[in-house]
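Raw input18.cif, mmCIF, C-alpha atoms and all ligand atoms:
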```cif
data_data
#
loop_
_atom_site.group_PDB
_atom_site.id
_atom_site.type_symbol
_atom_site.label_atom_id
_atom_site.label_comp_id
_atom_site.auth_asym_id
_atom_site.auth_seq_id
_atom_site.Cartn_x
_atom_site.Cartn_y
_atom_site.Cartn_z
ATOM 1 C CA MET Z 1 131.174 120.255 93.865
ATOM 2 C CA SER Z 2 128.530 121.223 91.313
ATOM 3 C CA ASP Z 3 131.150 120.998 88.536
ATOM 4 C CA GLN Z 4 131.842 117.373 89.212
ATOM 5 C CA TYR Z 5 129.035 116.130 87.003
ATOM 6 C CA THR Z 6 127.464 117.245 83.795
ATOM 7 C CA GLU Z 7 123.879 118.188 83.126
ATOM 8 C CA ALA Z 8 123.663 115.059 80.946
ATOM 9 C CA GLN Z 9 124.712 112.850 83.865
ATOM 10 C CA LEU Z 10 122.107 114.496 86.063
ATOM 11 C CA ALA Z 11 119.433 113.953 83.416
ATOM 12 C CA GLU Z 12 120.523 110.339 83.048
ATOM 13 C CA LEU Z 13 120.158 109.763 86.798
ATOM 14 C CA MET Z 14 116.665 111.250 86.829
ATOM 15 C CA GLU Z 15 115.635 109.168 83.800
ATOM 16 C CA ALA Z 16 117.001 106.013 85.450
ATOM 17 C CA ILE Z 17 115.124 106.792 88.687
ATOM 18 C CA TYR Z 18 111.940 107.333 86.705
ATOM 19 C CA GLN Z 19 112.319 104.037 84.800
ATOM 20 C CA ARG Z 20 113.197 102.052 87.929
ATOM 21 C CA TYR Z 21 110.969 103.640 90.611
ATOM 22 C CA SER Z 22 108.375 105.733 88.674
ATOM 23 C CA TYR Z 23 109.305 108.900 90.592
ATOM 24 C CA ASP Z 24 109.544 111.668 88.039
ATOM 25 C CA PHE Z 25 112.134 114.323 88.892
ATOM 26 C CA ARG Z 26 113.021 114.922 85.243
ATOM 27 C CA ASP Z 27 111.446 118.374 85.087
ATOM 28 C CA TYR Z 28 112.674 119.837 88.335
ATOM 29 C CA ALA Z 29 114.603 123.124 88.434
ATOM 30 C CA LEU Z 30 118.236 122.431 87.747
ATOM 31 C CA SER Z 31 119.817 124.749 90.329
ATOM 32 C CA SER Z 32 117.962 123.335 93.322
ATOM 33 C CA GLN Z 33 118.316 119.787 92.009
ATOM 34 C CA ARG Z 34 122.082 120.295 91.880
ATOM 35 C CA ARG Z 35 122.080 121.512 95.472
ATOM 36 C CA ARG Z 36 120.106 118.464 96.566
ATOM 37 C CA LEU Z 37 122.356 116.087 94.664
ATOM 38 C CA ASN Z 38 125.545 117.632 96.050
ATOM 39 C CA HIS Z 39 124.086 117.133 99.491
ATOM 40 C CA ALA Z 40 123.118 113.532 98.603
ATOM 41 C CA LEU Z 41 126.629 112.689 97.388
ATOM 42 C CA GLU Z 42 127.990 113.786 100.747
ATOM 43 C CA ARG Z 43 125.315 112.204 102.909
ATOM 44 C CA LEU Z 44 125.255 108.896 101.047
ATOM 45 C CA LEU Z 45 129.044 108.767 100.753
ATOM 46 C CA CYS Z 46 129.192 108.519 96.978
ATOM 47 C CA PRO Z 47 132.230 109.873 95.127
ATOM 48 C CA ASP Z 48 130.308 110.806 91.976
ATOM 49 C CA LEU Z 49 126.923 110.760 90.279
ATOM 50 C CA PRO Z 50 127.378 107.522 88.259
ATOM 51 C CA THR Z 51 128.202 105.699 91.519
ATOM 52 C CA LEU Z 52 125.147 107.185 93.190
ATOM 53 C CA GLN Z 53 123.057 106.080 90.213
ATOM 54 C CA GLN Z 54 124.413 102.543 90.270
ATOM 55 C CA ARG Z 55 123.869 102.168 94.019
ATOM 56 C CA VAL Z 56 120.409 103.716 94.073
ATOM 57 C CA LEU Z 57 119.156 101.528 91.235
ATOM 58 C CA ALA Z 58 120.390 98.419 93.002
ATOM 59 C CA ASP Z 59 119.146 99.340 96.474
ATOM 60 C CA PRO Z 60 115.557 100.521 97.082
ATOM 61 C CA GLN Z 61 116.411 101.486 100.668
ATOM 62 C CA LEU Z 62 119.111 103.809 99.445
ATOM 63 C CA PHE Z 63 116.612 105.244 96.989
ATOM 64 C CA GLU Z 64 114.288 105.947 99.925
ATOM 65 C CA GLN Z 65 117.086 107.930 101.554
ATOM 66 C CA LEU Z 66 117.738 109.820 98.334
ATOM 67 C CA LEU Z 67 114.020 110.545 98.068
ATOM 68 C CA GLN Z 68 114.125 112.244 101.478
ATOM 69 C CA ILE Z 69 116.833 114.531 100.150
ATOM 70 C CA LEU Z 70 115.302 115.207 96.735
ATOM 71 C CA THR Z 71 111.837 116.069 98.050
ATOM 72 C CA VAL Z 72 112.960 118.689 100.635
ATOM 73 C CA PRO Z 73 110.512 117.679 103.391
ATOM 74 C CA VAL Z 74 110.638 120.988 105.252
ATOM 75 C CA THR Z 75 107.502 122.698 106.537
ATOM 76 C CA GLN Z 76 105.881 124.449 109.511
ATOM 77 C CA MET Z 77 102.446 125.007 110.994
ATOM 78 C CA PHE Z 78 100.917 128.315 109.892
ATOM 79 C CA ARG Z 79 104.002 128.957 107.759
ATOM 80 C CA ASP Z 80 103.933 132.582 106.560
ATOM 81 C CA PRO Z 81 101.119 133.536 108.962
ATOM 82 C CA GLY Z 82 99.973 136.435 106.732
ATOM 83 C CA PHE Z 83 98.860 133.844 104.182
ATOM 84 C CA PHE Z 84 96.675 132.074 106.726
ATOM 85 C CA LEU Z 85 95.305 135.379 108.002
ATOM 86 C CA ALA Z 86 94.322 136.304 104.432
ATOM 87 C CA LEU Z 87 92.717 132.878 104.012
ATOM 88 C CA ARG Z 88 90.747 133.328 107.192
ATOM 89 C CA GLN Z 89 89.594 136.840 106.348
ATOM 90 C CA GLN Z 90 89.045 136.623 102.608
ATOM 91 C CA VAL Z 91 88.572 133.033 101.534
ATOM 92 C CA LEU Z 92 86.830 131.183 104.348
ATOM 93 C CA PRO Z 93 83.830 133.574 104.389
ATOM 94 C CA VAL Z 94 83.230 132.574 100.740
ATOM 95 C CA LEU Z 95 83.845 128.860 101.299
ATOM 96 C CA LYS Z 96 81.401 129.011 104.202
ATOM 97 C CA THR Z 97 78.606 129.609 101.730
ATOM 98 C CA TYR Z 98 79.186 126.185 100.124
ATOM 99 C CA PRO Z 99 77.496 123.118 101.597
ATOM 100 C CA SER Z 100 80.613 120.916 101.588
ATOM 101 C CA PRO Z 101 83.782 122.744 100.589
ATOM 102 C CA ARG Z 102 86.726 120.714 99.367
ATOM 103 C CA ILE Z 103 90.323 121.847 99.750
ATOM 104 C CA TRP Z 104 93.409 120.376 98.094
ATOM 105 C CA VAL Z 105 96.776 120.812 99.797
ATOM 106 C CA ALA Z 106 99.278 119.705 97.148
ATOM 107 C CA GLY Z 107 102.775 118.948 98.444
ATOM 108 C CA CYS Z 108 101.542 118.654 102.034
ATOM 109 C CA CYS Z 109 104.806 117.206 103.328
ATOM 110 C CA THR Z 110 104.435 116.012 106.946
ATOM 111 C CA GLY Z 111 100.957 117.492 107.314
ATOM 112 C CA GLU Z 112 101.499 120.743 109.229
ATOM 113 C CA GLU Z 113 99.868 122.889 106.531
ATOM 114 C CA ALA Z 114 96.727 120.734 106.298
ATOM 115 C CA LEU Z 115 96.495 120.580 110.089
ATOM 116 C CA SER Z 116 96.763 124.378 110.284
ATOM 117 C CA LEU Z 117 93.879 124.629 107.825
ATOM 118 C CA ALA Z 118 91.846 122.139 109.846
ATOM 119 C CA ILE Z 119 92.341 124.259 112.989
ATOM 120 C CA MET Z 120 91.210 127.390 111.156
ATOM 121 C CA LEU Z 121 88.192 125.605 109.704
ATOM 122 C CA LYS Z 122 87.271 124.359 113.171
ATOM 123 C CA GLU Z 123 87.474 127.874 114.581
ATOM 124 C CA GLU Z 124 85.238 129.092 111.772
ATOM 125 C CA GLY Z 125 82.735 126.324 112.566
ATOM 126 C CA MET Z 126 83.216 124.666 109.168
ATOM 127 C CA LEU Z 127 85.485 121.704 109.773
ATOM 128 C CA SER Z 128 82.836 118.995 109.958
ATOM 129 C CA ARG Z 129 81.496 119.795 106.480
ATOM 130 C CA CYS Z 130 84.880 120.311 104.805
ATOM 131 C CA THR Z 131 87.138 117.755 103.155
ATOM 132 C CA ILE Z 132 90.871 118.339 102.866
ATOM 133 C CA ASP Z 133 92.793 116.249 100.331
ATOM 134 C CA ALA Z 134 96.435 116.499 101.367
ATOM 135 C CA THR Z 135 98.781 114.941 98.823
ATOM 136 C CA ASP Z 136 102.485 114.381 98.399
ATOM 137 C CA ILE Z 137 104.940 111.986 96.779
ATOM 138 C CA ASN Z 138 107.039 111.356 99.876
ATOM 139 C CA PRO Z 139 105.669 108.217 101.585
ATOM 140 C CA LEU Z 140 107.494 108.797 104.884
ATOM 141 C CA ALA Z 141 106.167 112.345 105.073
ATOM 142 C CA LEU Z 142 102.611 111.102 104.400
ATOM 143 C CA GLN Z 143 102.936 108.458 107.122
ATOM 144 C CA LYS Z 144 104.036 111.082 109.610
ATOM 145 C CA ALA Z 145 101.274 113.431 108.503
ATOM 146 C CA ALA Z 146 98.589 110.836 109.197
ATOM 147 C CA GLN Z 147 99.788 110.476 112.808
ATOM 148 C CA GLY Z 148 99.483 114.149 113.750
ATOM 149 C CA VAL Z 149 102.427 113.819 116.143
ATOM 150 C CA TYR Z 150 105.149 116.464 116.143
ATOM 151 C CA ALA Z 151 108.179 117.470 118.196
ATOM 152 C CA LEU Z 152 107.334 119.447 121.307
ATOM 153 C CA HIS Z 153 110.231 121.855 120.765
ATOM 154 C CA ARG Z 154 108.613 123.149 117.561
ATOM 155 C CA MET Z 155 105.438 124.301 119.322
ATOM 156 C CA GLU Z 156 106.809 127.632 120.488
ATOM 157 C CA ALA Z 157 107.413 128.795 116.909
ATOM 158 C CA TYR Z 158 104.150 127.210 115.722
ATOM 159 C CA SER Z 159 102.194 128.964 118.501
ATOM 160 C CA SER Z 160 103.450 132.377 117.527
ATOM 161 C CA ASN Z 161 102.682 131.639 113.864
ATOM 162 C CA TYR Z 162 99.197 130.553 114.895
ATOM 163 C CA LEU Z 163 98.536 133.769 116.838
ATOM 164 C CA ALA Z 164 99.926 135.911 114.009
ATOM 165 C CA ALA Z 165 97.572 134.024 111.664
ATOM 166 C CA GLY Z 166 94.574 135.215 113.694
ATOM 167 C CA GLY Z 167 94.276 132.139 115.919
ATOM 168 C CA GLN Z 168 91.328 132.456 118.269
ATOM 169 C CA ALA Z 169 92.569 130.291 121.141
ATOM 170 C CA GLN Z 170 95.929 128.814 122.127
ATOM 171 C CA LEU Z 171 97.592 126.269 119.878
ATOM 172 C CA SER Z 172 98.100 124.098 122.960
ATOM 173 C CA ASP Z 173 94.300 123.728 123.185
ATOM 174 C CA TYR Z 174 94.575 121.403 120.183
ATOM 175 C CA TYR Z 175 97.185 118.921 121.365
ATOM 176 C CA THR Z 176 98.286 116.812 124.304
ATOM 177 C CA ILE Z 177 101.904 116.506 125.324
ATOM 178 C CA GLU Z 178 103.467 113.044 125.326
ATOM 179 C CA HIS Z 179 107.074 113.267 126.531
ATOM 180 C CA GLU Z 180 109.018 115.136 123.857
ATOM 181 C CA THR Z 181 106.180 115.103 121.330
ATOM 182 C CA VAL Z 182 102.680 116.485 121.005
ATOM 183 C CA ARG Z 183 99.656 114.656 119.609
ATOM 184 C CA PHE Z 184 97.050 116.791 117.853
ATOM 185 C CA ASP Z 185 93.374 116.006 118.438
ATOM 186 C CA GLN Z 186 92.197 113.140 116.279
ATOM 187 C CA GLN Z 187 89.081 115.134 115.376
ATOM 188 C CA LEU Z 188 91.250 117.570 113.402
ATOM 189 C CA LEU Z 189 92.557 114.737 111.239
ATOM 190 C CA GLU Z 190 89.208 113.091 110.576
ATOM 191 C CA ASN Z 191 88.375 115.156 107.501
ATOM 192 C CA ILE Z 192 91.863 115.074 106.014
ATOM 193 C CA ASN Z 193 92.644 112.446 103.360
ATOM 194 C CA PHE Z 194 96.400 112.037 103.085
ATOM 195 C CA ALA Z 195 97.232 110.481 99.730
ATOM 196 C CA ASP Z 196 100.058 109.766 97.341
ATOM 197 C CA HIS Z 197 99.745 112.012 94.301
ATOM 198 C CA SER Z 198 102.390 113.438 92.011
ATOM 199 C CA LEU Z 199 101.994 116.772 90.290
ATOM 200 C CA ALA Z 200 104.461 115.468 87.706
ATOM 201 C CA THR Z 201 102.647 112.302 86.631
ATOM 202 C CA ASP Z 202 99.110 112.140 88.052
ATOM 203 C CA SER Z 203 95.932 113.875 87.006
ATOM 204 C CA VAL Z 204 93.125 115.782 88.691
ATOM 205 C CA PHE Z 205 91.129 113.677 91.121
ATOM 206 C CA ALA Z 206 88.446 115.957 92.588
ATOM 207 C CA GLU Z 207 86.676 119.257 92.175
ATOM 208 C CA THR Z 208 87.915 121.689 94.798
ATOM 209 C CA GLN Z 209 87.111 125.211 95.965
ATOM 210 C CA LEU Z 210 90.603 125.996 97.270
ATOM 211 C CA VAL Z 211 93.996 124.669 96.237
ATOM 212 C CA CYS Z 212 97.039 125.412 98.409
ATOM 213 C CA CYS Z 213 100.323 124.485 96.852
ATOM 214 C CA ARG Z 214 103.051 126.356 98.642
ATOM 215 C CA ASN Z 215 106.798 126.016 98.377
ATOM 216 C CA VAL Z 216 106.543 123.224 95.823
ATOM 217 C CA LEU Z 217 106.529 124.945 92.420
ATOM 218 C CA ILE Z 218 109.874 126.621 93.193
ATOM 219 C CA TYR Z 219 111.460 123.183 92.763
ATOM 220 C CA PHE Z 220 109.945 122.672 89.301
ATOM 221 C CA ASN Z 221 111.080 123.945 85.911
ATOM 222 C CA LYS Z 222 108.738 126.086 83.821
ATOM 223 C CA ASP Z 223 107.115 123.127 81.999
ATOM 224 C CA LEU Z 224 106.363 121.274 85.196
ATOM 225 C CA GLN Z 225 105.096 124.439 86.870
ATOM 226 C CA ASP Z 226 102.692 124.846 83.957
ATOM 227 C CA ARG Z 227 101.596 121.220 84.280
ATOM 228 C CA ALA Z 228 100.853 121.698 87.975
ATOM 229 C CA LEU Z 229 99.047 124.977 87.351
ATOM 230 C CA ARG Z 230 96.914 123.235 84.726
ATOM 231 C CA LEU Z 231 95.942 120.561 87.277
ATOM 232 C CA PHE Z 232 94.995 123.248 89.790
ATOM 233 C CA HIS Z 233 92.985 125.168 87.225
ATOM 234 C CA ASP Z 234 91.161 122.017 86.109
ATOM 235 C CA SER Z 235 90.505 121.012 89.688
ATOM 236 C CA LEU Z 236 89.159 124.364 90.877
ATOM 237 C CA SER Z 237 85.461 124.984 90.626
ATOM 238 C CA HIS Z 238 83.998 128.222 89.274
ATOM 239 C CA ARG Z 239 85.608 131.152 91.142
ATOM 240 C CA GLY Z 240 87.795 128.802 93.191
ATOM 241 C CA PHE Z 241 90.849 130.039 95.103
ATOM 242 C CA LEU Z 242 94.525 129.246 94.623
ATOM 243 C CA GLY Z 243 97.238 129.837 97.222
ATOM 244 C CA LEU Z 244 100.927 129.702 96.316
ATOM 245 C CA GLY Z 245 104.109 130.093 98.373
ATOM 246 C CA SER Z 246 105.780 133.406 99.132
ATOM 247 C CA LYS Z 247 108.465 132.901 96.467
ATOM 248 C CA GLU Z 248 105.988 131.630 93.869
ATOM 249 C CA SER Z 249 103.750 133.516 91.523
ATOM 250 C CA LEU Z 250 101.381 133.143 88.614
ATOM 251 C CA ASN Z 251 103.249 135.880 86.746
ATOM 252 C CA PHE Z 252 104.807 134.653 83.511
ATOM 253 C CA SER Z 253 102.719 131.476 83.564
ATOM 254 C CA SER Z 254 100.158 130.769 80.893
ATOM 255 C CA TYR Z 255 97.538 130.810 83.681
ATOM 256 C CA ALA Z 256 98.210 134.381 84.845
ATOM 257 C CA GLU Z 257 95.188 135.769 82.987
ATOM 258 C CA ARG Z 258 92.839 133.191 84.414
ATOM 259 C CA TYR Z 259 93.100 134.444 87.988
ATOM 260 C CA GLU Z 260 92.747 137.725 89.826
ATOM 261 C CA PRO Z 261 94.708 138.570 92.989
ATOM 262 C CA VAL Z 262 92.779 138.303 96.254
ATOM 263 C CA ALA Z 263 95.725 139.155 98.451
ATOM 264 C CA GLY Z 264 98.524 139.531 95.927
ATOM 265 C CA GLN Z 265 101.273 139.868 98.513
ATOM 266 C CA GLU Z 266 100.146 136.621 100.097
ATOM 267 C CA LYS Z 267 100.038 134.904 96.685
ATOM 268 C CA LEU Z 268 96.360 134.226 97.041
ATOM 269 C CA TYR Z 269 94.383 134.244 93.804
ATOM 270 C CA ARG Z 270 90.839 133.629 92.635
ATOM 271 C CA LYS Z 271 89.732 132.127 89.341
ATOM 272 C CA ARG Z 272 88.218 134.789 87.129
ATOM 273 C CA ALA Z 273 84.601 134.375 86.093
ATOM 274 C CA MET Z 274 84.446 132.604 82.737
ATOM 275 C CA LEU Z 275 82.908 134.682 80.039
ATOM 276 C CA GLY Z 276 80.268 132.975 77.940
ATOM 277 C CA PRO Z 277 81.540 131.598 74.628
ATOM 278 C CA ARG Z 278 80.194 134.581 72.719
ATOM 279 C CA ALA Z 279 80.593 137.249 75.383
ATOM 280 C CA GLY Z 280 82.775 140.051 74.200
ATOM 281 C CA ASN Z 281 82.362 139.134 70.527
ATOM 282 C CA LYS Z 282 81.030 142.174 68.829
ATOM 283 C CA VAL Z 283 78.728 141.582 65.867
ATOM 284 C CA MET Z 284 80.212 143.602 63.061
ATOM 285 C CA PRO Z 285 77.702 145.486 60.959
ATOM 286 C CA GLY Z 286 77.388 143.748 57.587
HETATM 287 C C1 LIG H 301 109.316 122.308 100.897
HETATM 288 S S1 LIG H 301 108.003 121.168 101.070
HETATM 289 C C2 LIG H 301 106.623 122.281 101.234
HETATM 290 C C3 LIG H 301 105.617 121.789 102.217
HETATM 291 C C4 LIG H 301 104.419 122.718 102.489
HETATM 292 N N1 LIG H 301 103.595 122.848 101.330
HETATM 293 C C5 LIG H 301 104.856 124.056 102.992
HETATM 294 O O1 LIG H 301 104.708 125.045 102.284
HETATM 295 O O2 LIG H 301 105.353 124.130 104.116
HETATM 296 C C6 LIG H 301 107.805 120.536 99.414
HETATM 297 C C7 LIG H 301 106.922 119.300 99.347
HETATM 298 O O3 LIG H 301 106.565 119.079 97.979
HETATM 299 C C8 LIG H 301 106.548 117.684 97.756
HETATM 300 N N2 LIG H 301 106.695 117.410 96.315
HETATM 301 C C9 LIG H 301 107.817 117.464 95.567
HETATM 302 N N3 LIG H 301 107.545 117.084 94.306
HETATM 303 C C10 LIG H 301 106.228 116.785 94.249
HETATM 304 C C11 LIG H 301 105.364 116.321 93.224
HETATM 305 N N4 LIG H 301 105.803 116.064 91.998
HETATM 306 N N5 LIG H 301 104.055 116.127 93.520
HETATM 307 C C12 LIG H 301 103.588 116.365 94.769
HETATM 308 N N6 LIG H 301 104.367 116.786 95.791
HETATM 309 C C13 LIG H 301 105.668 116.997 95.530
HETATM 310 C C14 LIG H 301 107.727 117.185 98.572
HETATM 311 O O4 LIG H 301 107.645 115.807 98.815
HETATM 312 C C15 LIG H 301 107.634 118.046 99.825
HETATM 313 O O5 LIG H 301 106.879 117.417 100.819
#
```
Can you present the structure in this file as structure tokens?
Amino acid sequence: MSDQYTEAQLAELMEAIYQRYSYDFRDYALSSQRRRLNHALERLLCPDLPTLQQRVLADPQLFEQLLQILTVPVTQMFRDPGFFLALRQQVLPVLKTYPSPRIWVAGCCTGEEALSLAIMLKEEGMLSRCTIDATDINPLALQKAAQGVYALHRMEAYSSNYLAAGGQAQLSDYYTIEHETVRFDQQLLENINFADHSLATDSVFAETQLVCCRNVLIYFNKDLQDRALRLFHDSLSHRGFLGLGSKESLNFSSYAERYEPVAGQEKLYRKRAMLGPRAGNKVMPG
């Protein structure tokens, strides 16, 4: 399947999408983009990439369907619980010392990650003075996120994640069951701003003390990863924290030296203290 179109055709499709819809997938990692496109050809019943391109450019609704495939809207509450446990034990005690901490969840998908953070912040008695900016490019995912309503059948897995992440109560304390869905308490959503923001085309919008961007950079090529890491670095305040996904790392990026590991295995980093402009410069004897 992947041999049925050339890299040039793929690039042409992404350029056309960018020109027509302003969604910029031009710097995404080729291998995963190919997987997504192969899936799209099957799902959208297109024989080849030029046909997909022609149809998507002519039909915004079809583009919306393609967007759901290209953006991989897959997530969980308390995904990789060890990460949340490390946040709770090593990051929140520091954030607690700030009067109004601000957290940016980039690539928040349908909101489970931001909601998990809100629950942890509530348990640490910090939620009411925290702001969470949860951003994504997928409008359907953002709409769903703002509702705080999820499938009941997912709660068993989410509950065990929550407990493994150091949860102090029962996850069910935070939602009410409505038929086959659950509705999380509105209070948890009050301090979360869900917003459209692209790491590929937009700039920094706020100063934050913690950025979580997990399972997003893996879909980007090196240049776009660097762009996103620059946004995070510019957004983070002095000694701010950065959390990445389990398959992501700062290694080999131009930002590696700017952070120190807090819980390296959990991909949790902290901005190094900036040295003064002259610090470290030795005055050479004349
Ligand atoms: C696999 S999900 C990860 C969700 C969540 N962070 C997690 O770890 O469970 C990837 C998310 O990144 C979003 N995304 C993809 N490209 C993006 C971009 N350029 N800017 C912001 N978000 C993006 C997708 O829409 C999708 O919701």
_Among the residues Z:Cys130, Z:Met274, Z:Ala164, Z:Ala58, the one that comes closest to Z:Phe78 [using all atoms listed in the file]_ =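 Among the listed residues, the smallest separation from Z:Phe78 belongs to Z:Ala164.
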*Any chance you could work out the residue set of the PyMOL selection byres (((not hetatm)) within 8 of (chain H and resi 301)) here, as a count of residues only?*
40
_Nearest residue to Z:Ile218 out of Z:Leu87, Z:Ile177, Z:Ala29, Z:Leu231, using only C-alpha atoms?_
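Counting only C-alpha atoms, the residue closest to Z:Ile218 is Z:Ala29.
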*Any idea what the distance is between atom CA of Z:Ala263 and atom CA of Z:Tyr98?*
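Answer for the atom CA of Z:Ala263 to atom CA of Z:Tyr98 separation: 21.1 Å.
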*Expand the PyMOL selection byres (((chain Z and resi 159) around 12) and not hetatm) into the individual residues it matches in the shown file, reporting them as a list in words.*
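This file, filtered by the PyMOL selection byres (((chain Z and resi 159) around 12) and not hetatm), leaves Gln76, Met77, Phe78, Arg79, Pro81, Ser116, Leu152, His153, Arg154, Met155, Glu156, Ala157, Tyr158, Ser160, Asn161, Tyr162, Leu163, Ala164, Ala165, Gly166, Gly167, Gln168, Ala169, Gln170, Leu171, Ser172, Asp173, Tyr174 and Tyr175 of chain Z.
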*To one decimal in Å, tell me the separation between atom CA of Z:Leu229 and atom CA of Z:Ala256.*
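If I compute the distance from atom CA of Z:Leu229 to atom CA of Z:Ala256, I get 9.8 Å.
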*Could you tell me which of Z:Leu41, Z:Arg34, Z:Glu190, Z:Phe63 comes closest to Z:Ser22 if we count all atoms listed in the file?*
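The answer is Z:Phe63, which sits nearest to Z:Ser22.
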*Looking at all atoms listed in the file, which of Z:Gln209, Z:Thr131, Z:Asn221, Z:Asn191 is the one that sits closest to Z:Thr97?*
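Going through Z:Gln209, Z:Thr131, Z:Asn221, Z:Asn191 one by one, the smallest distance to Z:Thr97 is for Z:Gln209.
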_Let me make sure I understand: among Z:Leu85, Z:Ala206, Z:Leu95, Z:Leu45, which one has the smallest atom-to-atom distance to Z:Leu268 if we use all atoms listed in the file?_
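Distance minimum relative to Z:Leu268 lands on Z:Leu85.
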_Once the PyMOL selection byres (((chain Z and resi 252) around 12) and not hetatm) is applied to the coordinates I shared, what remains selected? I want it as a ChimeraX atom specification._
/Z:222-223,225-226,229,248-251,253-257
*Take atom CA of Z:Leu13 and atom CA of Z:Asp27 and report the distance between them in Å, one decimal.*
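A separation of 12.4 Å between them.
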_Measuring between only C-alpha atoms, which one of Z:Met120, Z:Ala273, Z:Ile132, Z:Leu224 shows the shortest distance to Z:Phe194?_
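Of the candidates, the smallest distance to Z:Phe194 is held by Z:Ile132.
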Around all listed atoms of stretch 169-178 of chain Z, padded 8 Å per side, what centre and edge lengths does the axis-aligned box have in Å to one decimal, as JSON?
```
{"center_x": 98.0, "center_y": 121.7, "center_z": 122.6, "size_x": 26.9, "size_y": 33.2, "size_z": 21.4}
```
